[in-house]
Amino acid sequence: MELRSKRLILRELALDDKCNLFKLFSEELASEYEAHLPTKDIATVQRYVEFHMKNAKLPVRTHYYFVIELRESREFLGMIGLAYVGESSMDSDSD
């Protein structure tokens, strides 16, 4: 799924995003309200991206997370998401 405006692109996460997400998730200010952040481990970020890629393929999704890029340059700006808060989570064994 990809959403476009005049200036921005919102697209599904991809493995190529892990370095940009690692930079974002390593910053204390950017991750102030996230319990599992900041992280100093890129392997954790890779698992995070893989979880969201897998979730995006489910018939009933629980998470909608998108990378935000500038449309013209494809520069990474950040990410935005919406998740069901309930039994399903990245750390659960419900594969």
# chains A, B, ... in the order shown; residues from 1 in each chain; ligands from 1
$ residues_around --residues "range 32-44 of chain A" --least-positions-apart "3" --cutoff "10 Å" --atoms "only C-alpha atoms" --output "PyMOL selection string"
chain A and resi 18-19+21-29+47-50
$ atom_distance --atom1 "CA of Gly81 in chain A" --atom2 "CA of Ala56 in chain A"
12.1 Å
$ closest_residue --among "A:Lys6, A:Lys57, A:His52, A:Arg11" --to "Glu69 in chain A" --atoms "only C-alpha atoms"
A:Arg11
$ select_by_dssp --residues "range 34-87 of chain A" --states "strand (DSSP E)" --output "number ranges by chain"
A: 63-70, 76-83
$ residues_around --residues "Met79 in chain A" --least-positions-apart "5" --cutoff "6 Å" --atoms "only C-alpha atoms" --output "PyMOL selection string"
chain A and resi 66-68
$ write_last_selection --atoms "C-alpha atoms" --output "PDB file, in the first residue's frame"
ATOM      1  CA  PHE A  66       4.216   3.666   6.982  1.00  0.00           C
ATOM      2  CA  VAL A  67       7.514   5.316   6.138  1.00  0.00           C
ATOM      3  CA  ILE A  68       7.128   9.010   5.287  1.00  0.00           C
TER       4      ILE A  68
END
